[in-house]
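Text of the file input-v1.csv, holding CSV, C-alpha atoms:
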```
chain,number,residue,atom,x,y,z
A,1197,MET,CA,-9.3,-98.9,-53.4
A,1198,LEU,CA,-11.7,-98.6,-56.3
A,1199,VAL,CA,-13.6,-101.8,-57.2
A,1200,CYS,CA,-15.2,-102.5,-60.6
A,1201,GLY,CA,-18.9,-102.8,-60.5
A,1202,SER,CA,-19.1,-100.2,-57.6
A,1203,ASP,CA,-21.0,-97.0,-57.8
A,1204,LEU,CA,-17.8,-95.1,-58.5
A,1205,ILE,CA,-16.6,-97.3,-61.4
A,1206,PRO,CA,-19.3,-98.9,-63.6
A,1207,ASP,CA,-18.7,-102.2,-65.4
A,1208,LYS,CA,-18.5,-100.5,-68.8
A,1209,MET,CA,-15.8,-98.1,-67.8
A,1210,CYS,CA,-13.9,-101.0,-66.2
A,1211,VAL,CA,-13.9,-103.0,-69.5
A,1212,ARG,CA,-12.6,-100.0,-71.5
A,1213,HIS,CA,-9.9,-99.4,-68.8
A,1214,LEU,CA,-8.8,-103.1,-68.9
A,1215,GLY,CA,-8.6,-103.0,-72.8
A,1216,PHE,CA,-6.3,-100.0,-72.6
A,1217,VAL,CA,-4.0,-101.6,-70.1
A,1218,LEU,CA,-3.8,-104.8,-72.3
A,1219,LEU,CA,-2.9,-102.6,-75.3
A,1220,LEU,CA,0.0,-101.1,-73.4
A,1221,TRP,CA,1.2,-104.4,-72.1
A,1222,PHE,CA,0.9,-106.4,-75.4
A,1223,PRO,CA,1.2,-104.0,-78.3
A,1224,GLY,CA,1.5,-106.9,-80.8
A,1225,ALA,CA,-1.9,-108.3,-79.8
A,1226,LEU,CA,-3.8,-106.3,-82.4
A,1227,SER,CA,-1.4,-107.4,-85.3
A,1228,ALA,CA,-1.5,-111.0,-84.2
A,1229,GLN,CA,-4.4,-111.7,-86.6
A,1230,HIS,CA,-2.3,-110.8,-89.7
A,1231,LYS,CA,0.1,-113.3,-91.2
A,1232,SER,CA,3.7,-112.5,-91.9
A,1233,CYS,CA,5.4,-113.1,-95.3
A,1234,PRO,CA,8.3,-115.4,-96.0
A,1235,ALA,CA,11.4,-114.1,-97.8
A,1236,PRO,CA,10.9,-114.4,-101.5
A,1237,ILE,CA,13.0,-116.6,-103.8
A,1238,LEU,CA,14.5,-114.2,-106.3
A,1239,ASP,CA,16.6,-115.7,-109.1
A,1240,GLY,CA,18.8,-113.2,-110.9
A,1241,GLY,CA,18.3,-110.4,-108.4
A,1242,TYR,CA,18.7,-109.2,-104.8
A,1243,PHE,CA,16.5,-107.4,-102.2
A,1244,ILE,CA,16.8,-105.4,-99.0
A,1245,PRO,CA,16.5,-105.8,-96.1
A,1246,GLU,CA,17.3,-109.5,-96.0
A,1247,GLN,CA,15.2,-111.3,-93.4
A,1248,LYS,CA,13.7,-114.7,-93.0
A,1249,THR,CA,10.2,-113.3,-92.5
A,1250,TYR,CA,8.5,-109.9,-92.9
A,1251,ALA,CA,5.7,-108.6,-90.7
A,1252,HIS,CA,2.4,-107.4,-92.1
A,1253,THR,CA,2.7,-104.0,-93.9
A,1254,ASN,CA,6.6,-104.4,-94.0
A,1255,GLN,CA,8.1,-103.3,-97.3
A,1256,LEU,CA,10.9,-105.0,-99.4
A,1257,ILE,CA,12.9,-103.4,-102.2
A,1258,TYR,CA,14.5,-105.4,-104.9
A,1259,ALA,CA,16.5,-105.0,-108.1
A,1260,CYS,CA,17.9,-107.4,-110.8
A,1261,ASP,CA,21.3,-108.4,-112.0
A,1262,ASN,CA,22.7,-107.4,-115.4
A,1263,GLY,CA,20.7,-109.0,-118.3
A,1264,HIS,CA,17.6,-109.0,-116.2
A,1265,LYS,CA,14.9,-106.6,-115.1
A,1266,PRO,CA,11.9,-106.6,-112.7
A,1267,ALA,CA,8.6,-108.0,-114.0
A,1268,VAL,CA,7.1,-104.5,-113.6
A,1269,GLU,CA,8.5,-101.3,-115.1
A,1270,GLY,CA,11.4,-99.6,-113.2
A,1271,TRP,CA,14.9,-100.9,-112.4
A,1272,TRP,CA,14.0,-101.2,-108.7
A,1273,VAL,CA,10.6,-102.2,-107.2
A,1274,THR,CA,8.9,-101.9,-103.8
A,1275,THR,CA,6.5,-104.6,-102.7
A,1276,THR,CA,4.5,-104.8,-99.4
A,1277,CYS,CA,3.6,-107.8,-97.2
A,1278,GLN,CA,-0.2,-108.0,-97.0
A,1279,ASN,CA,-1.4,-110.6,-94.7
A,1280,GLY,CA,1.0,-113.3,-95.7
A,1281,LYS,CA,1.2,-112.4,-99.4
A,1282,TRP,CA,3.4,-109.9,-101.3
A,1283,SER,CA,1.5,-107.1,-103.1
A,1284,HIS,CA,3.7,-107.9,-106.1
A,1285,LYS,CA,5.6,-111.1,-106.3
A,1286,PRO,CA,9.3,-110.2,-106.7
A,1287,GLN,CA,10.5,-111.6,-110.0
A,1288,CYS,CA,13.4,-110.9,-112.4
A,1289,ILE,CA,12.9,-111.6,-116.1
A,1290,ASP,CA,15.0,-111.4,-119.2
A,1291,GLU,CA,15.8,-107.8,-120.1
A,1292,ASN,CA,14.5,-108.4,-123.7
A,1293,SER,CA,11.0,-109.4,-122.5
A,1294,CYS,CA,8.1,-107.0,-123.0
A,1295,PHE,CA,5.6,-105.5,-120.7
A,1296,PRO,CA,1.9,-105.5,-121.7
A,1297,PRO,CA,1.3,-102.8,-124.3
A,1298,ASN,CA,-1.1,-100.0,-123.7
A,1299,ILE,CA,-3.3,-99.8,-126.8
A,1300,PRO,CA,-6.3,-97.4,-126.5
A,1301,ASN,CA,-9.7,-98.7,-127.8
A,1302,ALA,CA,-8.4,-102.2,-128.3
A,1303,LYS,CA,-8.1,-105.6,-126.5
A,1304,TYR,CA,-5.9,-108.6,-126.6
A,1305,ARG,CA,-5.4,-111.8,-124.6
A,1306,GLU,CA,-3.3,-110.9,-121.6
A,1307,ASN,CA,-0.5,-113.3,-120.4
A,1308,PRO,CA,-1.2,-114.5,-116.9
A,1309,ASN,CA,2.5,-113.9,-116.1
A,1310,GLY,CA,2.0,-110.2,-116.6
A,1311,TRP,CA,4.8,-110.1,-119.2
A,1312,TYR,CA,5.8,-111.6,-122.6
A,1313,LYS,CA,9.0,-113.4,-123.7
A,1314,ASN,CA,11.1,-112.0,-126.5
A,1315,GLY,CA,9.5,-113.3,-129.7
A,1316,ASP,CA,6.0,-113.6,-128.3
A,1317,THR,CA,3.1,-112.3,-130.4
A,1318,ILE,CA,-0.3,-111.0,-129.5
A,1319,ARG,CA,-3.4,-110.6,-131.7
A,1320,ILE,CA,-5.0,-107.2,-131.3
A,1321,THR,CA,-8.7,-106.5,-131.9
A,1322,CYS,CA,-10.1,-103.0,-132.0
A,1323,ASP,CA,-13.2,-102.2,-129.9
A,1324,LYS,CA,-16.6,-101.9,-131.5
A,1325,GLY,CA,-16.9,-98.6,-133.4
A,1326,TYR,CA,-13.1,-98.4,-133.9
A,1327,THR,CA,-11.0,-99.5,-136.8
A,1328,SER,CA,-7.3,-99.8,-137.6
A,1329,LYS,CA,-5.6,-98.3,-140.6
A,1330,SER,CA,-3.2,-101.1,-140.6
A,1331,HIS,CA,-4.5,-104.6,-141.5
A,1332,ASN,CA,-1.7,-106.3,-139.5
A,1333,ALA,CA,-3.4,-107.1,-136.2
A,1334,ILE,CA,-0.5,-109.0,-134.8
A,1335,ALA,CA,2.3,-107.3,-132.7
A,1336,ARG,CA,5.6,-109.0,-131.8
A,1337,CYS,CA,7.9,-108.6,-128.8
A,1338,ILE,CA,11.3,-107.8,-130.2
A,1339,ASN,CA,14.1,-106.9,-127.8
A,1340,ALA,CA,11.8,-105.4,-125.2
A,1341,THR,CA,9.8,-103.4,-127.7
A,1342,TRP,CA,6.5,-104.2,-129.5
A,1343,SER,CA,6.6,-104.0,-133.2
A,1344,SER,CA,3.7,-103.2,-135.6
A,1345,VAL,CA,1.3,-102.1,-132.8
A,1346,PRO,CA,-1.9,-100.9,-134.6
A,1347,ILE,CA,-3.7,-97.7,-133.8
A,1348,CYS,CA,-7.5,-98.1,-133.3
A,1349,GLU,CA,-9.3,-94.9,-134.4
A,1350,LYS,CA,-13.0,-94.1,-134.5
A,1351,SER,CA,-14.6,-95.6,-137.6
A,1352,ILE,CA,-15.9,-93.1,-140.1
A,1353,TRP,CA,-19.2,-95.0,-140.0
A,1354,ALA,CA,-19.5,-95.0,-136.2
A,1355,CYS,CA,-21.4,-92.3,-134.2
A,1356,SER,CA,-20.4,-90.4,-131.1
A,1357,ALA,CA,-22.7,-90.2,-128.1
A,1358,PRO,CA,-26.3,-89.6,-129.1
A,1359,PRO,CA,-27.5,-85.9,-129.1
A,1360,LYS,CA,-29.6,-84.7,-126.2
A,1361,ILE,CA,-33.4,-84.7,-126.8
A,1362,PRO,CA,-35.3,-82.1,-124.9
A,1363,HIS,CA,-37.5,-83.6,-122.2
A,1364,ALA,CA,-36.2,-87.1,-122.7
A,1365,VAL,CA,-33.8,-89.6,-121.2
A,1366,ILE,CA,-31.9,-92.5,-122.7
A,1367,ILE,CA,-33.1,-95.9,-121.3
A,1368,ASN,CA,-31.6,-99.4,-121.3
A,1369,GLN,CA,-28.2,-98.1,-122.3
A,1370,SER,CA,-25.2,-97.1,-120.2
A,1371,TYR,CA,-23.1,-94.1,-121.4
A,1372,GLN,CA,-20.5,-94.8,-124.1
A,1373,GLU,CA,-18.5,-92.5,-126.4
A,1374,VAL,CA,-18.8,-94.5,-129.6
A,1375,PHE,CA,-21.6,-96.5,-131.2
A,1376,THR,CA,-21.3,-98.8,-134.2
A,1377,THR,CA,-23.4,-98.1,-137.3
A,1378,ASP,CA,-27.0,-99.5,-137.2
A,1379,SER,CA,-26.9,-99.1,-133.3
A,1380,GLU,CA,-30.3,-98.4,-131.8
A,1381,VAL,CA,-30.8,-96.2,-128.7
A,1382,GLN,CA,-34.2,-95.9,-127.0
A,1383,TYR,CA,-35.5,-93.0,-125.0
A,1384,GLU,CA,-38.5,-92.1,-122.9
A,1385,CYS,CA,-40.2,-88.7,-122.5
A,1386,GLU,CA,-40.4,-87.2,-119.0
A,1387,ASP,CA,-43.7,-87.0,-117.1
A,1388,GLY,CA,-46.0,-84.5,-118.7
A,1389,TYR,CA,-44.5,-85.1,-122.2
A,1390,SER,CA,-45.3,-87.7,-124.9
A,1391,ALA,CA,-43.8,-88.7,-128.2
A,1392,ALA,CA,-45.0,-86.4,-131.1
A,1393,GLY,CA,-46.3,-88.4,-134.0
A,1394,ASP,CA,-45.9,-92.2,-133.7
A,1395,PRO,CA,-45.5,-93.1,-130.0
A,1396,SER,CA,-43.6,-96.2,-131.0
A,1397,GLU,CA,-40.9,-94.2,-132.8
A,1398,LYS,CA,-38.9,-93.5,-129.6
A,1399,SER,CA,-35.5,-94.6,-130.9
A,1400,MET,CA,-32.4,-93.2,-132.5
A,1401,TRP,CA,-30.4,-95.0,-135.1
A,1402,CYS,CA,-26.7,-94.6,-135.9
A,1403,ILE,CA,-26.6,-94.4,-139.7
A,1404,VAL,CA,-23.2,-93.8,-141.3
A,1405,GLY,CA,-21.8,-91.6,-138.5
A,1406,ASN,CA,-25.0,-89.6,-137.9
A,1407,TRP,CA,-28.0,-90.2,-135.6
A,1408,ASN,CA,-31.4,-90.5,-137.1
A,1409,ILE,CA,-33.8,-89.2,-134.5
A,1410,GLY,CA,-37.4,-90.5,-134.3
A,1411,SER,CA,-40.1,-88.5,-132.6
A,1412,THR,CA,-39.6,-85.5,-130.3
A,1413,CYS,CA,-41.1,-85.1,-126.9
A,1414,LYS,CA,-44.1,-82.8,-126.8
A,1415,SER,CA,-46.0,-81.4,-123.8
A,1416,SER,CA,-49.1,-83.5,-123.2
A,1417,THR,CA,-51.0,-80.5,-121.9
A,1418,SER,CA,-50.0,-78.0,-124.7
A,1419,SER,CA,-52.7,-76.8,-127.0
A,1420,GLY,CA,-53.6,-73.7,-128.9
A,1421,THR,CA,-53.0,-72.2,-132.3
A,1422,GLU,CA,-49.8,-70.3,-131.5
A,1423,GLU,CA,-47.9,-73.5,-130.5
A,1424,ARG,CA,-49.1,-75.5,-133.4
A,1425,GLU,CA,-48.0,-72.8,-135.8
A,1426,THR,CA,-44.4,-72.7,-134.3
A,1427,GLU,CA,-43.9,-76.5,-134.3
A,1428,PRO,CA,-42.2,-78.0,-137.3
A,1429,PRO,CA,-44.2,-80.6,-139.3
A,1430,ILE,CA,-43.7,-84.1,-138.1
A,1431,ILE,CA,-41.9,-86.3,-140.6
A,1432,THR,CA,-42.3,-90.1,-140.3
A,1433,LYS,CA,-41.2,-93.1,-142.3
A,1434,THR,CA,-43.7,-94.4,-144.8
A,1435,SER,CA,-43.9,-96.9,-147.7
A,1436,VAL,CA,-41.3,-96.7,-150.4
A,1437,ASP,CA,-44.2,-96.4,-152.9
A,1438,ASN,CA,-44.9,-92.9,-151.7
A,1439,CYS,CA,-41.6,-91.5,-152.9
A,1440,GLY,CA,-41.8,-92.4,-156.5
A,1441,LYS,CA,-38.9,-93.5,-158.7
A,1442,HIS,CA,-36.1,-95.3,-156.8
A,1443,PRO,CA,-32.8,-93.4,-156.6
A,1444,ASN,CA,-30.1,-94.5,-158.9
A,1445,ILE,CA,-26.5,-94.7,-157.8
A,1446,GLN,CA,-23.4,-95.0,-160.0
A,1447,ASN,CA,-21.6,-98.4,-159.9
A,1448,GLY,CA,-24.4,-99.8,-157.7
A,1449,ASP,CA,-28.0,-101.0,-157.7
A,1450,VAL,CA,-31.0,-102.0,-155.6
A,1451,VAL,CA,-30.7,-105.6,-154.5
A,1452,GLU,CA,-33.7,-105.8,-152.2
A,1453,THR,CA,-37.1,-103.9,-152.2
A,1454,ASN,CA,-38.9,-103.9,-148.9
A,1455,PRO,CA,-42.2,-102.1,-148.3
A,1456,MET,CA,-40.3,-99.8,-145.9
A,1457,PHE,CA,-36.8,-99.6,-147.4
A,1458,LEU,CA,-34.5,-100.2,-150.4
A,1459,LYS,CA,-31.3,-102.1,-149.9
A,1460,TYR,CA,-28.3,-101.1,-152.1
A,1461,GLN,CA,-25.2,-103.0,-153.1
A,1462,CYS,CA,-22.1,-101.8,-155.0
A,1463,ASN,CA,-20.6,-103.5,-158.0
A,1464,LEU,CA,-17.4,-105.5,-157.8
A,1465,HIS,CA,-14.3,-103.5,-156.8
A,1466,TYR,CA,-16.4,-100.7,-155.4
A,1467,THR,CA,-17.2,-100.0,-151.7
A,1468,ARG,CA,-20.4,-98.5,-150.3
A,1469,VAL,CA,-20.1,-95.2,-148.6
A,1470,GLY,CA,-23.3,-94.3,-146.7
A,1471,PRO,CA,-26.3,-96.3,-145.5
A,1472,GLU,CA,-27.0,-99.7,-146.9
A,1473,LYS,CA,-30.8,-99.0,-146.6
A,1474,VAL,CA,-32.7,-96.1,-147.9
A,1475,MET,CA,-36.1,-95.2,-146.5
A,1476,CYS,CA,-39.0,-93.0,-147.7
A,1477,TYR,CA,-40.3,-90.2,-145.5
A,1478,SER,CA,-43.9,-88.8,-145.3
A,1479,ASN,CA,-42.8,-85.6,-147.0
A,1480,GLY,CA,-42.1,-87.5,-150.2
A,1481,LYS,CA,-38.3,-87.4,-149.9
A,1482,TRP,CA,-35.8,-90.2,-149.7
A,1483,SER,CA,-33.3,-90.6,-146.8
A,1484,GLN,CA,-29.6,-90.4,-147.5
A,1485,VAL,CA,-28.6,-92.3,-150.5
A,1486,PRO,CA,-25.2,-94.2,-150.5
A,1487,THR,CA,-22.5,-93.8,-153.1
A,1488,CYS,CA,-20.1,-96.4,-154.5
A,1489,LYS,CA,-16.5,-95.4,-154.3
A,1490,GLY,CA,-13.7,-97.3,-156.2
A,1491,LEU,CA,-11.4,-98.2,-153.3
A,1492,TYR,CA,-9.8,-101.1,-155.2
A,1493,CYS,CA,-6.1,-101.3,-155.9
A,1494,THR,CA,-4.2,-102.5,-159.0
A,1495,VAL,CA,-0.8,-104.3,-159.2
A,1496,ASN,CA,0.8,-104.7,-162.6
A,1497,THR,CA,2.7,-107.9,-162.3
A,1498,ASP,CA,4.2,-107.5,-165.8
A,1499,SER,CA,6.2,-104.4,-164.7
A,1500,ASN,CA,7.6,-106.0,-161.5
A,1501,GLN,CA,10.7,-108.0,-162.1
A,1502,ASP,CA,10.2,-110.0,-158.9
A,1503,LEU,CA,6.7,-111.3,-159.9
A,1504,LYS,CA,5.6,-113.8,-162.5
A,1505,PRO,CA,3.9,-111.9,-165.3
A,1506,ALA,CA,0.1,-112.3,-165.0
A,1507,GLY,CA,-1.2,-109.0,-166.1
A,1508,VAL,CA,-3.0,-106.4,-163.8
A,1509,LYS,CA,-4.4,-107.8,-160.6
A,1510,TYR,CA,-7.4,-106.1,-158.9
A,1511,ILE,CA,-7.6,-106.1,-155.1
A,1512,ASN,CA,-10.6,-104.9,-153.2
A,1513,HIS,CA,-10.3,-102.6,-150.2
A,1514,GLY,CA,-9.4,-104.6,-147.1
A,1515,GLU,CA,-8.4,-107.7,-149.0
A,1516,THR,CA,-5.1,-109.5,-149.4
A,1517,GLU,CA,-3.7,-111.4,-152.4
A,1518,TYR,CA,-0.7,-113.6,-152.6
A,1519,LEU,CA,1.2,-113.0,-155.9
A,1520,ASP,CA,3.5,-115.6,-157.4
A,1521,CYS,CA,7.2,-114.7,-157.4
A,1522,VAL,CA,9.7,-115.7,-160.1
A,1523,ASP,CA,11.7,-118.9,-159.6
A,1524,ARG,CA,14.8,-117.7,-157.9
A,1525,TRP,CA,14.6,-119.8,-154.7
A,1526,ARG,CA,14.4,-123.5,-153.9
A,1527,MET,CA,10.8,-123.2,-152.7
A,1528,ASP,CA,7.8,-121.3,-153.9
A,1529,ASN,CA,7.7,-117.6,-152.8
A,1530,TYR,CA,4.9,-115.1,-152.8
A,1531,ALA,CA,4.6,-111.4,-152.4
A,1532,VAL,CA,1.8,-110.2,-150.1
A,1533,ALA,CA,-0.3,-107.5,-151.7
A,1534,LYS,CA,-2.8,-105.6,-149.6
A,1535,CYS,CA,-5.3,-102.8,-150.4
A,1536,ASN,CA,-6.2,-100.0,-147.9
A,1537,PHE,CA,-8.6,-97.4,-149.2
A,1538,GLY,CA,-7.2,-97.5,-152.7
A,1539,LYS,CA,-3.6,-97.6,-151.7
A,1540,PRO,CA,-1.7,-100.8,-152.4
A,1541,SER,CA,1.1,-102.3,-150.4
A,1542,LEU,CA,3.4,-105.0,-151.7
A,1543,SER,CA,5.8,-107.1,-149.5
A,1544,ARG,CA,9.1,-108.7,-150.6
A,1545,CYS,CA,9.0,-112.3,-151.9
A,1546,CYS,CA,8.7,-114.7,-149.0
A,1547,ASN,CA,8.0,-118.4,-148.4
A,1548,TRP,CA,4.9,-119.6,-146.6
A,1549,ALA,CA,6.7,-120.1,-143.3
A,1550,GLN,CA,7.8,-116.5,-143.3
A,1551,ILE,CA,4.3,-115.3,-144.3
A,1552,LYS,CA,2.5,-117.3,-141.6
A,1553,THR,CA,4.8,-116.1,-138.9
A,1554,ASN,CA,4.5,-112.4,-140.0
A,1555,LEU,CA,8.2,-112.2,-140.9
A,1556,CYS,CA,7.6,-111.1,-144.4
```
How would this structure read if it were set down as structure tokens?
Amino acid sequence: MLVCGSDLIPDKMCVRHLGFVLLLWFPGALSAQHKSCPAPILDGGYFIPEQKTYAHTNQLIYACDNGHKPAVEGWWVTTTCQNGKWSHKPQCIDENSCFPPNIPNAKYRENPNGWYKNGDTIRITCDKGYTSKSHNAIARCINATWSSVPICEKSIWACSAPPKIPHAVIINQSYQEVFTTDSEVQYECEDGYSAAGDPSEKSMWCIVGNWNIGSTCKSSTSSGTEERETEPPIITKTSVDNCGKHPNIQNGDVVETNPMFLKYQCNLHYTRVGPEKVMCYSNGKWSQVPTCKGLYCTVNTDSNQDLKPAGVKYINHGETEYLDCVDRWRMDNYAVAKCNFGKPSLSRCCNWAQIKTNLC
């Protein structure tokens, strides 16, 4: 007979042997630390297999009765018991409810339930650097479908990822695909290189869809006539007094004169296209000058039989006006007029309740 602790069977081998024997005798010992799941309460549906409890890692499949659907997409759903809790709580909801919409480059307040009732609305906001062509930022759940979901596209004034600068790395900024206008990105030169020109100008600025790069990175040990002849001249920002007469723009004017820049503003009913600030460079040239584009809209109320005659109404880009309708109803009605890049849109005549609930 072999005895544990003897020369033939060391203590360590005996412990491993004993553990193996216990595993064969009590296979459920290892799973005893996990909790089982109770059978779910499922109104308006059914599940298989029907049991009072389900062991850890056991699966349950459920479906819903007519007029209902699972709270996740699909007409049948599989959920797993995970240490006393279901990976997805079995639930049947009204078939006209909506699942959360997938809207790229946008955000909205999510419902903790994970779904939305028929008639619910959500307010959608585009991410920074993105804009929506539609000014209606509210979507409504109507019969299991979202209506008026906006599309968030990259703004014409935003920049893509900054260009690569030889012998430099971007600092204090994680990678992102889109940057809003006036965004600043800083960079550092690699060892053995330093910023050419002003060492403090190690930044890139997003200006109306384009990156304005500061100093380049030059080898600290480079010297000699040949390299100096091949390098382009270094252009830096300087006082606006060095560039002479201020640039004139049609339908706009300078509203602020700073020693280092000029600030422009467009006249009423005109929208600025290009940078707000214009700077002077050391080569005597101005940076990009903005233009003022007439993106306003006009609505002639005299020629619309549903509107009270009030002449021609001017609406700026991105703005909304409420135009008085003729007295055909018991309460005051208005037509909602919007302007989007010079293209007007006019709703039917609605009362305030319909307008505030986006039913107009």
Seminar exercise, completed: note - atom CA of Lys1539 of chain A and atom CA of Ser1344 of chain A are separated by 18.5 Å
Problem set entry | Expected answer as a ChimeraX atom specification: all residues with atoms within 12 Å of (-28.6, -95.6, -152.7), all atoms listed in the file | /A:1442-1453,1457-1462,1468-1476,1482-1488
Might you pull out every residue within 7 Å of segment 1334-1339 of chain A, with all atoms listed in the file counted and same-chain residues fewer than 2 positions away left off, and present them as a tab-separated table (two decimals) with C-alpha atoms, in the coordinates of the input?
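Writing the result to selection.tsv gives the following:
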```
chain	number	residue	atom	x	y	z
A	1292	ASN	CA	14.50	-108.40	-123.70
A	1293	SER	CA	11.00	-109.40	-122.50
A	1294	CYS	CA	8.10	-107.00	-123.00
A	1314	ASN	CA	11.10	-112.00	-126.50
A	1315	GLY	CA	9.50	-113.30	-129.70
A	1316	ASP	CA	6.00	-113.60	-128.30
A	1317	THR	CA	3.10	-112.30	-130.40
A	1318	ILE	CA	-0.30	-111.00	-129.50
A	1319	ARG	CA	-3.40	-110.60	-131.70
A	1320	ILE	CA	-5.00	-107.20	-131.30
A	1332	ASN	CA	-1.70	-106.30	-139.50
A	1341	THR	CA	9.80	-103.40	-127.70
A	1342	TRP	CA	6.50	-104.20	-129.50
A	1343	SER	CA	6.60	-104.00	-133.20
A	1344	SER	CA	3.70	-103.20	-135.60
A	1345	VAL	CA	1.30	-102.10	-132.80
```
Problem set entry | Option closest in space to Asn1496 of chain A, from A:Val1522, A:Ala1533, A:Val1365, A:Val1273 [counting all atoms listed in the file] | A:Ala1533
For this session: Name the residues in contact with segment 1234-1245 of chain A at a cut-off of 8 Å, using all atoms listed in the file, excluding same-chain residues fewer than 6 positions from it; report them as a VMD selection string.
Result: chain A and resid 1256 to 1261 1264 1280 1285 to 1288
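The space separating atom CA of His1465 of chain A from atom CA of Ile1403 of chain A comes to 22.9 Å.
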Seminar exercise, completed: Shortest contact to Lys1231 of chain A, candidates A:Asn1254, A:Glu1386, A:Lys1281, A:Glu1380, atoms counted all atoms listed in the file, goes to A:Lys1281
Exercise. Taking all atoms listed in the file into account, which of A:Asn1536, A:Thr1467, A:Ser1370, A:Ser1390 comes nearest Ser1328 of chain A?
Worked result: A:Asn1536
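The space between atom CA of Tyr1466 of chain A and atom CA of Phe1375 of chain A spans 25.1 Å.
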For this session: Tell me, as a list of chain:residue names, which residues lie within 9 Å of Ser1416 of chain A, counting all atoms listed in the file; anything in the same chain fewer than 3 positions away does not count.
Result: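 Result of the neighbour search: A:Asp1387, A:Gly1388, A:Tyr1389, A:Ser1390, A:Ala1391, A:Cys1413, A:Ser1419.
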Problem set entry | Best match for closeness to Thr1327 of chain A among A:Glu1349, A:Asp1523, A:Glu1515, A:Asp1378, counting all atoms listed in the file |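 When distances to Thr1327 of chain A are compared using all atoms listed in the file, the smallest one comes from A:Glu1349.
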Exercise. In terms of the shortest atom-to-atom distance over all atoms listed in the file, which of A:Cys1493, A:Ile1367, A:Asp1498, A:Cys1521 is closest to Ser1541 of chain A?
Worked result: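 Result for the nearest residue to Ser1541 of chain A: A:Cys1493.
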Write out as a JSON list (two decimals) with C-alpha atoms, keeping the file's coordinate frame which residues come within 12 Å of Trp1525 of chain A when counting all atoms listed in the file, dropping same-chain ones fewer than 6 positions away.
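Result file selection-v2.json:
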```json
[["chain", "number", "residue", "atom", "x", "y", "z"],
["A", 1502, "ASP", "CA", 10.20, -110.00, -158.90],
["A", 1545, "CYS", "CA", 9.00, -112.30, -151.90],
["A", 1546, "CYS", "CA", 8.70, -114.70, -149.00],
["A", 1547, "ASN", "CA", 8.00, -118.40, -148.40]]
```
For this session: Extract, using all atoms listed in the file, all DNA, RNA and protein residues at most 9 Å from Cys1402 of chain A, discarding same-chain residues fewer than 3 positions from it, and format them as a PyMOL selection string.
Result: chain A and resi 1353-1356+1358+1375-1381+1405-1408
Seminar exercise, completed: Nearest to Pro1266 of chain A, restricted to all atoms listed in the file and choosing among A:Ala1251, A:Cys1233, A:Cys1322, A:Ile1289, comes out as A:Ile1289
